[in-house]
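Notes follow the structure.
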Amino acid sequence: MSDCTSAIMEVMALTAAGFVNEAAIDSAVRRVEDLFAPQVVQIQYTLENNHYGDPSISFRILVSDDAAHDIDQLYELSKKISHALINEAQTYEKGLDAYFSYRTVSEQEKLRDPMWK
Amino acid sequence: MSYSTELLDSAVATSHVYPQTQANLRRAVSTAYYALFHFLADEACGNWIGPEQRRKLSRAFEHKQMSDASKRCAGRYENALAGTPESDLHSVASAFYQLQRRRHTADCDLSKVFSDNEVDLDIRSVRNAFTKWGVIQNEQIAQDYLFSLLFKER
């Protein structure tokens, strides 16, 4: 594989709809982070194949403790954030199955999960 | 009480077992998924005129087919106006395919860690799906969705 091809592979992933530019996904994710700050502290994602082998993107959304006083509040917020990520990152158009996980800052401090660093 | 409601109650109870463990949280996620799975299968089978065949028919549902159908439905109605049947159906379909993925992770992928809130959100999404379905169950789009859970598009 040439250096050039290798560089391209680093920023793109192949899906049924074609190549996905990770830089564009990064930009979309940062826009959603800004839109929902300070309730949203950080959004991370992983491009992978799901359990059926279909291209997917798994978002990990870290929210402030204030944004999750009760589960109903967190549930309503999570629906808005998921919707924004789907539209901004254009997951359907890119042929990516989008999945979402939400946890609070205090939960992550307790769990010290390296996937959420 | 229906079996799906019993399963949802079981998911809640398991998520609250003290001391809380990853095993209990994973069981709660898996049970919440099956609550929604059996709920939708029962709703679809209820349309079958002969009650003696409904139990057998419920075994014809396949997870992959249901996931694909739910994904298509959720995508179709992603931007539906809140409060419309389309929006309510989106909530049901989206909950199903999200939960199926999480069930697979809960049962098979020990590299992932589950938190209280993640599990509570899963349970909340199933409860919401039950409620929304009650509002839209007689709508044509809801019935079309049930059909798509069992039969492939041709």
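Within each chain, counting starts at residue 1; across the structure tokens, chains are named A, B, ... in the order shown, with ligands numbered 1 upward in that order.
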
Listing only residues of range 114-134 of chain B within 12 Å of range 102-113 of chain A, what is the closest atom pair and its distance in Å (to one decimal) for each, using only C-alpha atoms, sorted by chain and residue number ascending, as CSV?
```
residue,atom,partner,partner_atom,distance
B:Phe114,CA,A:Leu111,CA,9.0
B:Ser115,CA,A:Arg103,CA,6.8
B:Asp116,CA,A:Glu107,CA,8.0
B:Asn117,CA,A:Arg103,CA,6.0
B:Glu118,CA,A:Tyr102,CA,5.7
B:Val119,CA,A:Tyr102,CA,9.5
B:Asp120,CA,A:Tyr102,CA,10.3
B:Leu121,CA,A:Tyr102,CA,8.2
B:Asp122,CA,A:Tyr102,CA,10.2
```

Just N, CA and C atoms for this one: save the residues we selected as a CSV table (one decimal), in the first residue's frame.
```csv
chain,number,residue,atom,x,y,z
B,114,PHE,N,-21.2,-1.2,31.7
B,114,PHE,CA,-22.5,-0.6,31.8
B,114,PHE,C,-22.6,0.3,33.0
B,115,SER,N,-23.2,1.4,32.9
B,115,SER,CA,-23.5,2.3,34.0
B,115,SER,C,-25.0,2.3,34.4
B,116,ASP,N,-25.3,2.8,35.6
B,116,ASP,CA,-26.7,2.8,36.0
B,116,ASP,C,-27.6,3.6,35.1
B,117,ASN,N,-27.1,4.7,34.7
B,117,ASN,CA,-27.9,5.6,33.8
B,117,ASN,C,-28.1,5.0,32.5
B,118,GLU,N,-27.1,4.3,31.9
B,118,GLU,CA,-27.3,3.7,30.6
B,118,GLU,C,-28.4,2.7,30.7
B,119,VAL,N,-28.4,1.9,31.7
B,119,VAL,CA,-29.4,0.8,31.9
B,119,VAL,C,-30.8,1.4,32.2
B,120,ASP,N,-30.8,2.5,33.0
B,120,ASP,CA,-32.1,3.1,33.3
B,120,ASP,C,-32.7,3.7,32.0
B,121,LEU,N,-31.8,4.3,31.2
B,121,LEU,CA,-32.3,4.8,29.9
B,121,LEU,C,-32.9,3.7,29.0
B,122,ASP,N,-32.2,2.6,29.0
B,122,ASP,CA,-32.7,1.5,28.2
B,122,ASP,C,-34.1,1.1,28.7
```

*Compute the set of chain A residues within 10 Å of chain B, using only C-alpha atoms, and express it as a ChimeraX atom specification.*
/A:50-52,68,70-72,74-76,78-79,83,86-87,91-93,97-104,107-108,110-116

Selection file, C-alpha atoms, as a short mmCIF file (atom, residue, chain, number, x, y, z; two decimals), in the first residue's frame:
```
data_model
loop_
_atom_site.label_atom_id
_atom_site.label_comp_id
_atom_site.auth_asym_id
_atom_site.auth_seq_id
_atom_site.Cartn_x
_atom_site.Cartn_y
_atom_site.Cartn_z
CA ASN A 50 -22.02 -4.02 14.40
CA HIS A 51 -22.90 -7.57 15.47
CA TYR A 52 -24.32 -8.26 11.99
CA ALA A 68 -29.26 14.09 34.73
CA ASP A 70 -33.56 12.20 37.15
CA ILE A 71 -33.95 9.65 34.40
CA ASP A 72 -36.82 11.50 32.68
CA LEU A 74 -31.78 12.55 30.91
CA TYR A 75 -34.11 10.63 28.62
CA GLU A 76 -35.53 13.79 27.03
CA SER A 78 -30.71 12.02 25.12
CA LYS A 79 -33.43 12.00 22.45
CA HIS A 83 -31.43 13.29 16.86
CA ILE A 86 -27.94 11.63 13.34
CA ASN A 87 -28.76 14.74 11.35
CA THR A 91 -25.54 8.73 9.53
CA TYR A 92 -28.43 7.40 7.44
CA GLU A 93 -27.10 9.05 4.29
CA ASP A 97 -26.08 2.40 11.87
CA ALA A 98 -25.88 4.88 14.75
CA TYR A 99 -25.85 3.73 18.37
CA PHE A 100 -25.79 5.86 21.50
CA SER A 101 -24.59 5.46 25.08
CA TYR A 102 -25.04 8.11 27.75
CA ARG A 103 -23.43 8.45 31.14
CA THR A 104 -22.71 11.19 33.63
CA GLU A 107 -20.52 7.77 36.82
CA GLN A 108 -17.43 7.87 34.66
CA LYS A 110 -16.51 5.99 39.52
CA LEU A 111 -16.16 3.49 36.65
CA ARG A 112 -12.88 4.85 35.21
CA ASP A 113 -13.81 3.24 31.92
CA PRO A 114 -10.89 3.66 29.45
CA MET A 115 -13.36 3.68 26.52
CA TRP A 116 -14.78 6.93 27.90
#
```

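The interatomic distance for the pair CA of Ser148 in chain B and CA of Leu89 in chain B works out to 13.1 Å.
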
_Interatomic distance, CA of Pro51 in chain B to CA of Asn138 in chain B (Å, one decimal)_ = 19.6 Å

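Relative to CA of Arg26 in chain B, CA of Ala13 in chain B is found at 12.6 Å.
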
*Step one, run DSSP on the backbone; step two, keep only residues of range 10-41 of chain B assigned to alpha helix (DSSP H); then write them as a ChimeraX atom specification.*
/B:10-15,22-41

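Minimum atom-to-atom distance to Gly95 in chain A, evaluated using only C-alpha atoms, belongs to A:Leu47 out of A:Val29, A:Ala37, A:Ala23, A:Leu47.
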
*List the neighbours of Leu36 in chain B out to 10 Å using only C-alpha atoms; skip same-chain residues closer than 6 positions along the sequence, and give me the result as a VMD selection string.*
chain B and resid 4 to 5 7 to 8 42 92 95 to 96 99 to 100 123 125 to 127 129 to 130

Deliver the residues from the most recent selection as a file, using C-alpha atoms, as a short mmCIF file (atom, residue, chain, number, x, y, z; two decimals), in the first residue's frame.
```cif
data_model
loop_
_atom_site.label_atom_id
_atom_site.label_comp_id
_atom_site.auth_asym_id
_atom_site.auth_seq_id
_atom_site.Cartn_x
_atom_site.Cartn_y
_atom_site.Cartn_z
CA SER B 4 -43.77 -8.35 28.12
CA THR B 5 -44.86 -6.27 31.12
CA LEU B 7 -40.24 -8.88 31.63
CA LEU B 8 -40.03 -5.10 31.92
CA ASP B 42 -47.51 -10.27 20.51
CA VAL B 92 -40.81 2.56 19.09
CA ALA B 95 -35.89 1.90 20.80
CA PHE B 96 -36.01 -1.57 19.29
CA LEU B 99 -31.90 -2.10 22.43
CA GLN B 100 -31.05 -5.01 20.19
CA ILE B 123 -35.58 0.57 30.51
CA SER B 125 -37.03 3.71 26.32
CA VAL B 126 -38.93 0.41 26.48
CA ARG B 127 -41.51 1.90 28.84
CA ALA B 129 -42.27 2.47 23.49
CA PHE B 130 -45.10 0.64 25.28
#
```

*Determine the nearest neighbour of Phe59 in chain A from the options A:Val20, A:Ile43, A:Gln90, A:Lys80, counting only C-alpha atoms.*
A:Ile43

*Run DSSP on the backbone and grab whatever in chain A lands in strand (DSSP E or B); send it over as a PyMOL selection string.*
chain A and resi 12-15+18-21+40-49+55-63+97-104
